[in-house]
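Have a look at coords19.cif; it's mmCIF, C-alpha atoms:
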```cif
data_target
#
loop_
_atom_site.label_atom_id
_atom_site.label_comp_id
_atom_site.auth_asym_id
_atom_site.auth_seq_id
_atom_site.Cartn_x
_atom_site.Cartn_y
_atom_site.Cartn_z
CA MET A 1 0.00 0.00 0.00
CA ALA A 2 1.33 3.44 -0.86
CA HIS A 3 2.31 5.82 1.91
CA MET A 4 -0.65 7.94 2.86
CA LYS A 5 -1.69 10.56 5.35
CA HIS A 6 -5.30 11.20 6.30
CA ARG A 7 -6.44 14.43 7.85
CA ALA A 8 -10.07 15.31 8.45
CA LEU A 9 -9.90 19.06 8.00
CA PRO A 10 -12.23 21.24 10.05
CA VAL A 11 -15.12 22.61 8.04
CA LEU A 12 -14.16 25.93 6.50
CA ALA A 13 -16.67 28.40 7.89
CA LEU A 14 -15.95 31.92 6.72
CA ALA A 15 -18.21 34.91 7.19
CA ALA A 16 -17.73 38.67 7.63
CA VAL A 17 -17.54 41.79 5.52
CA GLY A 18 -15.39 42.67 2.53
CA VAL A 19 -15.68 45.61 0.16
CA LEU A 20 -14.92 45.91 -3.51
CA ALA A 21 -11.90 48.03 -4.48
CA LEU A 22 -11.29 48.85 -8.12
CA THR A 23 -8.05 49.66 -9.92
CA SER A 24 -6.54 48.73 -13.25
CA CYS A 25 -3.90 46.06 -13.70
CA GLY A 26 -0.27 46.98 -14.23
CA ALA A 27 2.73 46.12 -16.33
CA GLY A 28 3.71 42.60 -17.20
CA THR A 29 0.30 40.98 -17.57
CA ARG A 30 -1.81 40.60 -20.67
CA THR A 31 -5.06 40.46 -18.77
CA ASP A 32 -7.10 43.38 -17.47
CA ASN A 33 -9.02 42.93 -14.24
CA GLU A 34 -10.80 45.72 -12.40
CA ASN A 35 -10.55 43.79 -9.14
CA ALA A 36 -6.75 44.09 -9.07
CA THR A 37 -5.37 46.61 -6.59
CA THR A 38 -2.04 48.13 -5.55
CA VAL A 39 -0.47 46.64 -2.43
CA SER A 40 2.88 46.68 -0.66
CA CYS A 41 5.45 44.31 -2.16
CA ASP A 42 8.69 44.97 -0.31
CA TYR A 43 11.43 42.61 -1.45
CA THR A 44 15.15 42.83 -2.11
CA ALA A 45 15.61 42.81 -5.87
CA PRO A 46 18.50 40.95 -7.51
CA GLU A 47 21.11 42.86 -9.47
CA GLY A 48 20.28 43.46 -13.12
CA LYS A 49 17.10 42.97 -15.09
CA THR A 50 15.02 40.03 -13.86
CA THR A 51 11.86 38.37 -15.17
CA VAL A 52 9.59 36.42 -12.84
CA ASN A 53 7.31 34.04 -14.76
CA VAL A 54 3.95 33.40 -13.11
CA LEU A 55 1.72 30.46 -14.05
CA ALA A 56 -1.98 30.79 -13.24
CA TYR A 57 -5.07 30.16 -15.33
CA ASN A 58 -7.43 32.97 -16.23
CA SER A 59 -10.82 33.29 -14.58
CA SER A 60 -12.72 36.06 -12.87
CA ALA A 61 -11.84 34.53 -9.48
CA ILE A 62 -8.09 34.07 -10.09
CA ASP A 63 -7.26 37.16 -12.13
CA PRO A 64 -7.62 39.68 -9.27
CA PHE A 65 -4.84 37.96 -7.32
CA THR A 66 -2.58 37.42 -10.33
CA ASP A 67 -3.03 40.94 -11.62
CA THR A 68 -2.42 42.42 -8.17
CA MET A 69 0.84 40.50 -7.88
CA VAL A 70 1.99 41.53 -11.34
CA SER A 71 1.06 45.20 -10.97
CA SER A 72 2.30 45.64 -7.41
CA CYS A 73 5.56 43.68 -7.56
CA SER A 74 6.89 44.75 -10.97
CA THR A 75 9.57 47.45 -10.91
CA ASP A 76 11.91 49.03 -13.43
CA ASP A 77 14.32 46.11 -13.00
CA VAL A 78 11.97 43.26 -12.05
CA THR A 79 9.17 42.29 -14.44
CA LEU A 80 6.49 39.81 -13.45
CA LYS A 81 5.13 38.13 -16.55
CA HIS A 82 1.81 36.32 -16.73
CA ASP A 83 0.43 35.14 -20.06
CA PRO A 84 -3.25 34.26 -20.53
CA ILE A 85 -3.95 30.54 -20.29
CA ASP A 86 -6.94 28.27 -19.68
CA PHE A 87 -7.11 25.68 -16.92
CA GLY A 88 -6.17 22.75 -19.13
CA GLY A 89 -3.15 24.61 -20.41
CA GLN A 90 -2.09 25.45 -16.87
CA VAL A 91 -2.24 21.80 -15.83
CA THR A 92 -0.11 20.81 -18.82
CA LYS A 93 2.44 23.56 -18.20
CA THR A 94 2.65 22.74 -14.49
CA THR A 95 3.53 19.15 -15.30
CA ALA A 96 6.10 20.28 -17.84
CA THR A 97 7.78 22.91 -15.66
CA LEU A 98 8.14 20.51 -12.71
CA ALA A 99 9.46 17.65 -14.83
CA GLY A 100 13.11 18.63 -15.05
CA ASP A 101 15.95 20.25 -13.15
CA THR A 102 15.24 23.52 -14.92
CA GLY A 103 11.73 24.93 -15.18
CA THR A 104 9.97 27.71 -17.05
CA TYR A 105 8.05 29.26 -14.15
CA ASP A 106 9.04 30.81 -10.84
CA ILE A 107 5.63 31.06 -9.15
CA ILE A 108 2.85 28.59 -9.88
CA GLU A 109 -0.74 28.35 -8.79
CA THR A 110 -1.42 25.02 -7.11
CA TYR A 111 -4.31 23.22 -5.39
CA GLY A 112 -4.77 21.31 -2.17
CA PHE A 113 -5.71 18.23 -4.20
CA VAL A 114 -2.23 17.88 -5.71
CA ILE A 115 -0.12 19.10 -2.78
CA PRO A 116 0.47 15.66 -1.18
CA GLY A 117 1.81 14.09 -4.36
CA LEU A 118 3.98 17.08 -5.30
CA ALA A 119 5.28 17.28 -1.74
CA GLU A 120 6.31 13.63 -1.68
CA GLU A 121 8.05 14.08 -5.02
CA GLU A 122 9.83 17.19 -3.65
CA LYS A 123 8.56 19.31 -6.54
CA LEU A 124 7.69 22.33 -4.38
CA VAL A 125 9.69 24.46 -1.95
CA PRO A 126 8.64 24.04 1.72
CA LEU A 127 7.40 27.38 3.04
CA ASN A 128 7.24 27.10 6.85
CA ASP A 129 10.32 29.22 7.56
CA LEU A 130 9.31 31.94 5.12
CA TYR A 131 5.76 31.91 6.44
CA GLU A 132 6.96 32.46 10.01
CA LYS A 133 9.29 35.27 8.90
CA TYR A 134 6.63 37.23 7.00
CA ALA A 135 3.41 36.27 8.83
CA ASP A 136 3.24 39.52 10.80
CA ASP A 137 4.24 41.77 7.89
CA TYR A 138 1.47 40.46 5.64
CA GLY A 139 -1.10 39.31 8.21
CA LEU A 140 -0.78 35.71 7.05
CA ASP A 141 -2.20 34.29 10.29
CA GLU A 142 -5.55 35.76 9.23
CA ILE A 143 -5.66 33.21 6.42
CA SER A 144 -8.00 30.38 7.37
CA GLU A 145 -6.12 27.80 9.40
CA SER A 146 -7.97 24.95 7.73
CA MET A 147 -6.99 26.30 4.31
CA ARG A 148 -3.38 26.43 5.42
CA GLU A 149 -3.71 22.83 6.57
CA GLY A 150 -5.19 21.98 3.18
CA MET A 151 -2.04 23.32 1.53
CA SER A 152 0.25 21.41 3.89
CA TYR A 153 1.61 17.89 4.03
CA ASP A 154 3.41 16.18 6.91
CA GLY A 155 3.31 19.47 8.81
CA GLU A 156 4.97 21.54 6.08
CA LEU A 157 3.26 24.34 4.17
CA TYR A 158 3.76 24.02 0.40
CA ALA A 159 1.42 26.71 -0.93
CA LEU A 160 0.23 30.04 0.39
CA PRO A 161 -3.58 29.89 0.23
CA MET A 162 -5.20 32.45 -2.05
CA GLN A 163 -8.85 31.48 -2.26
CA ALA A 164 -11.29 28.61 -1.98
CA GLN A 165 -13.79 27.37 -4.48
CA MET A 166 -16.71 25.11 -3.78
CA PHE A 167 -19.66 23.84 -5.82
CA VAL A 168 -22.59 26.25 -6.05
CA MET A 169 -25.89 25.80 -7.85
CA ALA A 170 -27.03 28.54 -10.22
CA TYR A 171 -30.62 28.48 -11.40
CA ARG A 172 -33.05 30.59 -13.43
CA THR A 173 -35.27 32.36 -10.93
CA ASP A 174 -37.71 33.45 -13.65
CA VAL A 175 -38.17 29.88 -14.91
CA PHE A 176 -38.57 28.47 -11.41
CA ASP A 177 -41.07 31.19 -10.46
CA GLU A 178 -43.10 30.73 -13.66
CA ILE A 179 -43.61 27.02 -13.00
CA GLY A 180 -43.72 27.31 -9.20
CA LEU A 181 -40.63 25.21 -8.52
CA ASP A 182 -38.62 25.07 -5.31
CA VAL A 183 -34.84 25.15 -5.49
CA PRO A 184 -33.64 21.50 -5.63
CA THR A 185 -31.83 20.13 -2.59
CA THR A 186 -31.23 16.62 -3.98
CA PHE A 187 -30.52 15.01 -7.35
CA ASP A 188 -34.06 13.60 -7.41
CA GLU A 189 -35.45 17.10 -6.98
CA MET A 190 -33.22 18.33 -9.81
CA ILE A 191 -34.69 15.65 -12.04
CA GLU A 192 -38.24 16.55 -10.97
CA ALA A 193 -37.57 20.21 -11.75
CA ALA A 194 -36.04 19.28 -15.12
CA GLU A 195 -39.10 17.17 -15.98
CA ALA A 196 -41.40 20.10 -15.17
CA ILE A 197 -39.32 22.53 -17.24
CA LYS A 198 -39.32 20.15 -20.20
CA ALA A 199 -43.06 19.52 -19.86
CA ALA A 200 -43.64 23.28 -19.95
CA GLY A 201 -41.77 23.42 -23.24
CA LEU A 202 -39.22 25.91 -21.92
CA MET A 203 -36.03 24.02 -22.76
CA GLU A 204 -34.96 20.56 -23.82
CA TYR A 205 -31.95 20.06 -21.54
CA PRO A 206 -32.53 21.99 -18.30
CA ILE A 207 -29.49 20.65 -16.38
CA ALA A 208 -25.93 21.72 -17.16
CA LEU A 209 -22.87 20.23 -15.45
CA PRO A 210 -19.23 20.34 -16.54
CA TRP A 211 -18.42 16.77 -17.54
CA LEU A 212 -15.45 17.37 -19.82
CA ALA A 213 -13.98 13.96 -20.62
CA THR A 214 -10.40 15.12 -20.07
CA ALA A 215 -10.93 16.77 -16.70
CA ASP A 216 -14.25 17.65 -15.06
CA ILE A 217 -15.95 14.28 -15.24
CA THR A 218 -13.82 12.76 -12.48
CA THR A 219 -14.37 15.83 -10.29
CA SER A 220 -18.12 15.29 -10.63
CA PHE A 221 -17.83 11.58 -9.81
CA GLN A 222 -15.68 12.34 -6.77
CA ALA A 223 -18.14 15.01 -5.60
CA THR A 224 -20.98 12.50 -5.89
CA MET A 225 -19.06 9.94 -3.83
CA ASN A 226 -18.22 12.67 -1.30
CA SER A 227 -21.92 13.40 -0.87
CA LEU A 228 -22.27 9.76 0.20
CA GLY A 229 -19.36 10.07 2.66
CA ALA A 230 -16.81 8.27 0.48
CA ASP A 231 -13.90 9.02 -1.85
CA PHE A 232 -11.68 7.15 -4.30
CA VAL A 233 -9.66 5.89 -1.32
CA SER A 234 -10.55 5.28 2.31
CA PRO A 235 -8.89 7.02 5.27
CA ASP A 236 -6.71 3.90 5.58
CA GLY A 237 -5.58 4.08 1.97
CA ASP A 238 -7.73 1.32 0.49
CA VAL A 239 -9.10 1.96 -3.01
CA THR A 240 -12.90 2.17 -2.84
CA LEU A 241 -14.02 2.25 -6.47
CA ASP A 242 -16.02 -0.98 -6.32
CA THR A 243 -18.01 -0.11 -3.20
CA PRO A 244 -21.78 0.43 -2.88
CA GLU A 245 -21.10 4.17 -2.58
CA ALA A 246 -19.20 4.18 -5.88
CA GLU A 247 -22.03 2.29 -7.57
CA GLN A 248 -24.67 4.63 -6.15
CA ALA A 249 -22.64 7.63 -7.27
CA LEU A 250 -22.41 6.35 -10.83
CA GLU A 251 -26.10 5.54 -11.02
CA ALA A 252 -26.91 9.02 -9.71
CA LEU A 253 -24.82 10.67 -12.41
CA LEU A 254 -26.34 8.50 -15.12
CA ALA A 255 -29.83 9.47 -13.91
CA LEU A 256 -29.02 13.13 -14.62
CA LYS A 257 -27.67 12.53 -18.10
CA PRO A 258 -31.01 12.44 -20.02
CA TYR A 259 -31.64 16.03 -18.90
CA MET A 260 -28.27 17.29 -20.12
CA ASP A 261 -26.99 18.17 -23.58
CA PRO A 262 -25.92 14.98 -25.41
CA GLN A 263 -22.47 16.55 -25.92
CA VAL A 264 -21.99 16.98 -22.17
CA THR A 265 -18.65 15.14 -22.08
CA THR A 266 -17.22 17.94 -24.21
CA PHE A 267 -18.39 20.67 -21.82
CA ASP A 268 -16.02 22.38 -19.39
CA GLN A 269 -17.10 25.11 -16.97
CA PRO A 270 -16.95 27.98 -19.49
CA LYS A 271 -19.23 25.95 -21.78
CA VAL A 272 -21.68 25.44 -18.93
CA GLN A 273 -21.56 29.17 -18.26
CA GLN A 274 -22.44 29.69 -21.90
CA GLN A 275 -25.48 27.42 -21.57
CA MET A 276 -26.69 29.61 -18.73
CA PHE A 277 -25.85 32.84 -20.61
CA ASN A 278 -27.78 31.64 -23.67
CA GLY A 279 -30.80 30.37 -21.77
CA THR A 280 -30.42 26.76 -22.89
CA ALA A 281 -30.15 25.46 -19.30
CA ALA A 282 -32.03 26.34 -16.13
CA MET A 283 -29.79 24.69 -13.52
CA SER A 284 -26.04 24.33 -13.29
CA ILE A 285 -23.51 23.35 -10.65
CA MET A 286 -20.01 24.74 -10.97
CA PHE A 287 -17.17 25.97 -8.82
CA SER A 288 -18.04 29.24 -7.11
CA GLY A 289 -15.35 31.10 -9.04
CA ARG A 290 -17.56 30.84 -12.13
CA MET A 291 -20.64 32.36 -10.50
CA PHE A 292 -19.76 36.05 -10.58
CA ASP A 293 -19.63 35.96 -14.38
CA LEU A 294 -23.32 35.05 -14.44
CA THR A 295 -24.22 38.29 -12.70
CA LEU A 296 -22.57 40.56 -15.26
CA GLU A 297 -24.94 42.28 -17.68
CA SER A 298 -22.14 42.39 -20.24
CA ASN A 299 -22.17 38.58 -20.39
CA SER A 300 -25.89 37.90 -20.73
CA LYS A 301 -29.25 39.58 -21.00
CA LEU A 302 -30.33 37.06 -18.35
CA SER A 303 -27.89 38.37 -15.73
CA ASP A 304 -30.66 39.51 -13.39
CA SER A 305 -32.46 36.15 -13.65
CA PHE A 306 -29.89 33.96 -11.91
CA GLY A 307 -30.27 32.77 -8.35
CA PHE A 308 -27.72 30.86 -6.30
CA ALA A 309 -28.02 28.06 -3.77
CA GLY A 310 -25.82 25.63 -1.90
CA ALA A 311 -24.91 22.45 -3.73
CA PRO A 312 -27.59 19.72 -3.41
CA LYS A 313 -27.14 16.28 -1.88
CA VAL A 314 -27.17 13.17 -4.02
CA SER A 315 -30.08 11.79 -1.97
CA ASP A 316 -32.19 12.64 1.06
CA ASP A 317 -30.11 10.42 3.31
CA ALA A 318 -26.72 11.53 1.95
CA GLU A 319 -24.41 12.82 4.66
CA TYR A 320 -22.89 15.70 2.71
CA ALA A 321 -23.54 17.95 -0.27
CA TYR A 322 -22.48 17.11 -3.82
CA ASN A 323 -19.37 19.20 -3.53
CA ARG A 324 -15.64 19.56 -3.98
CA LEU A 325 -13.60 22.05 -1.99
CA SER A 326 -10.71 23.39 -4.03
CA ILE A 327 -8.14 25.51 -2.24
CA ASP A 328 -6.05 27.60 -4.63
CA GLY A 329 -2.67 28.97 -3.62
CA TRP A 330 0.78 30.09 -4.70
CA SER A 331 3.78 27.77 -4.67
CA ILE A 332 7.46 28.02 -5.51
CA PRO A 333 8.68 25.26 -7.83
CA PHE A 334 11.77 23.41 -6.68
CA ASN A 335 13.67 24.19 -9.87
CA THR A 336 13.36 27.99 -10.02
CA LYS A 337 16.69 29.78 -10.08
CA LEU A 338 15.32 32.92 -8.44
CA ASP A 339 15.54 33.83 -4.76
CA HIS A 340 12.86 32.02 -2.76
CA GLU A 341 12.44 34.84 -0.27
CA MET A 342 11.76 37.38 -3.02
CA LEU A 343 9.18 35.07 -4.60
CA PHE A 344 7.49 34.44 -1.25
CA VAL A 345 7.07 38.18 -0.66
CA MET A 346 5.43 38.50 -4.06
CA MET A 347 3.04 35.68 -3.19
CA ALA A 348 2.30 37.16 0.24
CA SER A 349 1.54 40.52 -1.33
CA ALA A 350 -0.98 38.90 -3.66
CA VAL A 351 -2.92 37.40 -0.73
CA SER A 352 -2.64 40.42 1.56
CA GLU A 353 -5.74 41.88 3.19
CA ASP A 354 -6.10 44.64 0.60
CA ALA A 355 -5.61 42.24 -2.30
CA SER A 356 -8.10 39.77 -0.85
CA THR A 357 -10.67 42.48 -0.15
CA ALA A 358 -10.42 43.70 -3.73
CA SER A 359 -11.11 40.21 -5.08
CA VAL A 360 -14.64 40.08 -3.61
CA PRO A 361 -17.19 39.27 -5.03
CA ALA A 362 -15.38 37.61 -7.92
CA ALA A 363 -13.45 35.34 -5.55
CA TYR A 364 -13.83 33.67 -2.15
CA PRO A 365 -10.58 34.76 -0.43
CA ALA A 366 -8.70 32.47 1.92
CA ARG A 367 -8.72 35.09 4.65
CA GLU A 368 -11.24 34.52 7.40
CA GLY A 369 -14.65 36.09 7.10
CA MET A 370 -14.54 38.10 3.88
CA VAL A 371 -17.57 36.77 1.99
CA THR A 372 -21.17 37.31 3.06
CA GLU A 373 -24.54 37.56 1.37
CA GLU A 374 -24.23 41.35 1.72
CA ASN A 375 -21.09 41.67 -0.41
CA SER A 376 -21.46 38.73 -2.78
CA PRO A 377 -24.49 37.65 -4.82
CA TYR A 378 -23.56 34.02 -4.23
CA GLY A 379 -22.02 34.50 -0.76
CA ALA A 380 -24.78 32.76 1.20
CA ALA A 381 -24.80 29.85 -1.26
CA ALA A 382 -21.02 29.49 -1.06
CA ASN A 383 -21.03 29.51 2.74
CA ASP A 384 -23.82 26.93 2.76
CA SER A 385 -21.87 24.65 0.43
CA MET A 386 -18.72 25.10 2.50
CA ALA A 387 -20.52 24.13 5.68
CA ASN A 388 -21.99 20.96 4.11
CA ALA A 389 -18.89 19.62 2.38
CA MET A 390 -17.21 16.36 3.30
CA PRO A 391 -13.84 16.96 4.99
CA PRO A 392 -11.25 15.92 2.39
CA ILE A 393 -9.09 12.83 2.54
CA VAL A 394 -5.47 13.84 2.03
CA SER A 395 -3.56 11.30 -0.05
CA PRO A 396 -0.54 11.45 -2.36
CA VAL A 397 -2.18 8.93 -4.71
CA LEU A 398 -5.57 10.58 -5.23
CA ALA A 399 -4.48 12.77 -8.12
CA ASP A 400 -2.84 9.85 -9.94
CA ILE A 401 -5.87 7.62 -9.39
CA THR A 402 -8.12 10.37 -10.71
CA ASN A 403 -6.12 10.57 -13.93
CA GLU A 404 -5.96 6.80 -14.33
CA ILE A 405 -9.68 6.11 -13.98
CA ARG A 406 -10.90 9.01 -16.11
CA PRO A 407 -11.01 7.19 -19.48
CA ILE A 408 -12.91 4.30 -17.88
CA LEU A 409 -15.40 6.68 -16.28
CA VAL A 410 -16.03 8.37 -19.62
CA GLU A 411 -16.81 5.00 -21.20
CA ILE A 412 -19.32 4.28 -18.43
CA ILE A 413 -20.99 7.69 -18.78
CA ASN A 414 -21.18 7.25 -22.56
CA GLY A 415 -22.82 3.84 -22.16
CA ASN A 416 -19.97 1.86 -23.68
CA VAL A 417 -19.14 0.00 -20.45
CA SER A 418 -21.62 -1.27 -17.88
CA VAL A 419 -21.57 0.11 -14.36
CA ALA A 420 -20.49 -3.25 -12.93
CA ASP A 421 -17.66 -3.74 -15.41
CA GLY A 422 -16.60 -0.12 -15.10
CA LEU A 423 -16.40 -0.31 -11.33
CA ALA A 424 -14.21 -3.42 -11.56
CA GLN A 425 -11.93 -1.75 -14.09
CA MET A 426 -11.59 1.43 -12.04
CA GLN A 427 -10.88 -0.58 -8.89
CA ALA A 428 -8.10 -2.47 -10.65
CA ALA A 429 -6.66 0.75 -12.06
CA GLY A 430 -6.76 2.40 -8.64
CA GLU A 431 -5.09 -0.53 -6.90
CA LYS A 432 -2.32 -0.47 -9.48
CA ILE A 433 -1.59 3.14 -8.56
CA ALA A 434 -1.92 2.67 -4.79
CA GLY A 435 0.24 -0.46 -4.80
#
```

Could I get this structure in the form of structure tokens?
Amino acid sequence: MAHMKHRALPVLALAAVGVLALTSCGAGTRTDNENATTVSCDYTAPEGKTTVNVLAYNSSAIDPFTDTMVSSCSTDDVTLKHDPIDFGGQVTKTTATLAGDTGTYDIIETYGFVIPGLAEEEKLVPLNDLYEKYADDYGLDEISESMREGMSYDGELYALPMQAQMFVMAYRTDVFDEIGLDVPTTFDEMIEAAEAIKAAGLMEYPIALPWLATADITTSFQATMNSLGADFVSPDGDVTLDTPEAEQALEALLALKPYMDPQVTTFDQPKVQQQMFNGTAAMSIMFSGRMFDLTLESNSKLSDSFGFAGAPKVSDDAEYAYNRLSIDGWSIPFNTKLDHEMLFVMMASAVSEDASTASVPAAYPAREGMVTEENSPYGAAANDSMANAMPPIVSPVLADITNEIRPILVEIINGNVSVADGLAQMQAAGEKIAG
């Protein structure tokens, strides 16, 4: 059995007040985000011209932090460079830059999900000493302790938490009001609502979920298992992909499929957003970082017709919500040639109180108590989802198992492999990874 650590993280409960600050982004970035701000970034610069390459994907929730770092930490001699990239491209580039002794990037955005594996492979710089040195200067102790734990492994911090994302349901308030529907709290209620919407002739495929075959589909499967109190591995490290919970999770996903676009396995989160923008779906569940875009009039004439709710449960008796908690943060790759202390200060600046405040409502900052229903249109829904999420299992093999089972899962979802055969195949694939 592979080495494994389990930690039941405390539920992340964050609530208080944040305000929106607006400035333009600065030199070095090719994005433009009004939620960027100018903050202190006091580091000792190296001699001569220096470029710091930053890897982070573009979204309304991430850009405020990236743009703040780039604009605030660039000087005449030090240029922070961040090129636009989508999530898939970021994943590919992260793998590439960490593969050799010399990398392309000096600061990379990482996630709690991958920290254990990267830590065991010594691909990231441990940050405890730098954290202790700069905690007072940048108020780092105000970052949620459970988020810091989520970015740690074997007691060592490997990423400075930036923000959290959790599943949130978005729904068409006008459609639900017209038919007299309540907001679904379970998958069965989602199906009932979809049936009513179809029967009213309002839309053919009322449910929209990101089930992209190369990424999102495994996240959805894992979230469904989490709702049932399970994951791809147990707290003891045993692979659990042939369990009753895994079977129930698959059947629950398959039950939703008739109410989703037939091309659903080609849909990532931006595509699901587009379904909501265009009015071809009435319910969607995505990470919270995608919700703010729905509220912008510039994106859709339906912007004032979206409501938000906590993620539903798979069933009435499910222990938790259908949900995945994703903690985003900044890490230093092991193979950067630049000074670690300088890079840490840049990262700390990007998650400072002012930077975090400016990111609301587009993001859900890692600092305690910044998001509420008063300052974020989806704040109450996000807090509800956070409170009803299964505490994550921390394992260095989870990410590898996720990648290994994905093609099998796609075949099950597409009806090419039976549930029973698919479960057996995924179990065998998982055990091969876990050892």

- For the file shown, what are the residues hit by the PyMOL selection byres ((chain A and resi 60-76) around 6), laid out as a PyMOL selection string? chain A and resi 25-27+35-39+41+58-59+77-80+289+350+359+362-363

Just to be explicit: take each residue in the selection above, keep C-alpha atoms, and write the result as a PDB file, in the coordinates of the input.
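Full text of out_32.pdb as output:
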```pdb
ATOM      1  CA  CYS A  25      -3.900  46.060 -13.700  1.00  0.00           C
ATOM      2  CA  GLY A  26      -0.270  46.980 -14.230  1.00  0.00           C
ATOM      3  CA  ALA A  27       2.730  46.120 -16.330  1.00  0.00           C
ATOM      4  CA  ASN A  35     -10.550  43.790  -9.140  1.00  0.00           C
ATOM      5  CA  ALA A  36      -6.750  44.090  -9.070  1.00  0.00           C
ATOM      6  CA  THR A  37      -5.370  46.610  -6.590  1.00  0.00           C
ATOM      7  CA  THR A  38      -2.040  48.130  -5.550  1.00  0.00           C
ATOM      8  CA  VAL A  39      -0.470  46.640  -2.430  1.00  0.00           C
ATOM      9  CA  CYS A  41       5.450  44.310  -2.160  1.00  0.00           C
ATOM     10  CA  ASN A  58      -7.430  32.970 -16.230  1.00  0.00           C
ATOM     11  CA  SER A  59     -10.820  33.290 -14.580  1.00  0.00           C
ATOM     12  CA  ASP A  77      14.320  46.110 -13.000  1.00  0.00           C
ATOM     13  CA  VAL A  78      11.970  43.260 -12.050  1.00  0.00           C
ATOM     14  CA  THR A  79       9.170  42.290 -14.440  1.00  0.00           C
ATOM     15  CA  LEU A  80       6.490  39.810 -13.450  1.00  0.00           C
ATOM     16  CA  GLY A 289     -15.350  31.100  -9.040  1.00  0.00           C
ATOM     17  CA  ALA A 350      -0.980  38.900  -3.660  1.00  0.00           C
ATOM     18  CA  SER A 359     -11.110  40.210  -5.080  1.00  0.00           C
ATOM     19  CA  ALA A 362     -15.380  37.610  -7.920  1.00  0.00           C
ATOM     20  CA  ALA A 363     -13.450  35.340  -5.550  1.00  0.00           C
TER      21      ALA A 363
END
```

Spatial neighbours of Asp231 of chain A, max dist 8 Å, only C-alpha atoms, sep filter under 4 positions, as a PDB file with C-alpha atoms, in the frame of the given file:
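Below you can see part-v2.pdb, which holds the result:
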```pdb
ATOM      1  CA  GLN A 222     -15.680  12.340  -6.770  1.00  0.00           C
ATOM      2  CA  MET A 225     -19.060   9.940  -3.830  1.00  0.00           C
ATOM      3  CA  ASN A 226     -18.220  12.670  -1.300  1.00  0.00           C
ATOM      4  CA  THR A 240     -12.900   2.170  -2.840  1.00  0.00           C
ATOM      5  CA  ILE A 393      -9.090  12.830   2.540  1.00  0.00           C
TER       6      ILE A 393
END
```

- Apply the PyMOL selection byres ((chain A and resi 94-96) around 12) to the structure shown and report the selected residues as an MDAnalysis selection string. chainID A and resid 54:57 85 87:93 97:111 114 118 123:124 331:333 335

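The coordinates place atom CA of Thr219 of chain A at 20.7 Å from atom CA of Met162 of chain A.
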
- How would you write, as a list in words, the residues chosen by the PyMOL selection byres ((chain A and resi 347) around 8) on this structure?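 After applying the PyMOL selection byres ((chain A and resi 347) around 8), what remains is Met69, Ile107, Leu160, Trp330, Leu343, Phe344, Val345, Met346, Ala348, Ser349, Ala350 and Val351 of chain A.
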
- Task: For atom CA of Leu127 of chain A and atom CA of Ser152 of chain A, determine how far apart the two atoms are, in Å to one decimal place.
- Result: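 Here the two named atoms are 9.4 Å from each other.
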
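When all atoms listed in the file are used to compute distances to Thr185 of chain A, the closest of the residues A:Asp304, A:Asp316, A:Asp339, A:Asp42 turns out to be A:Asp316.
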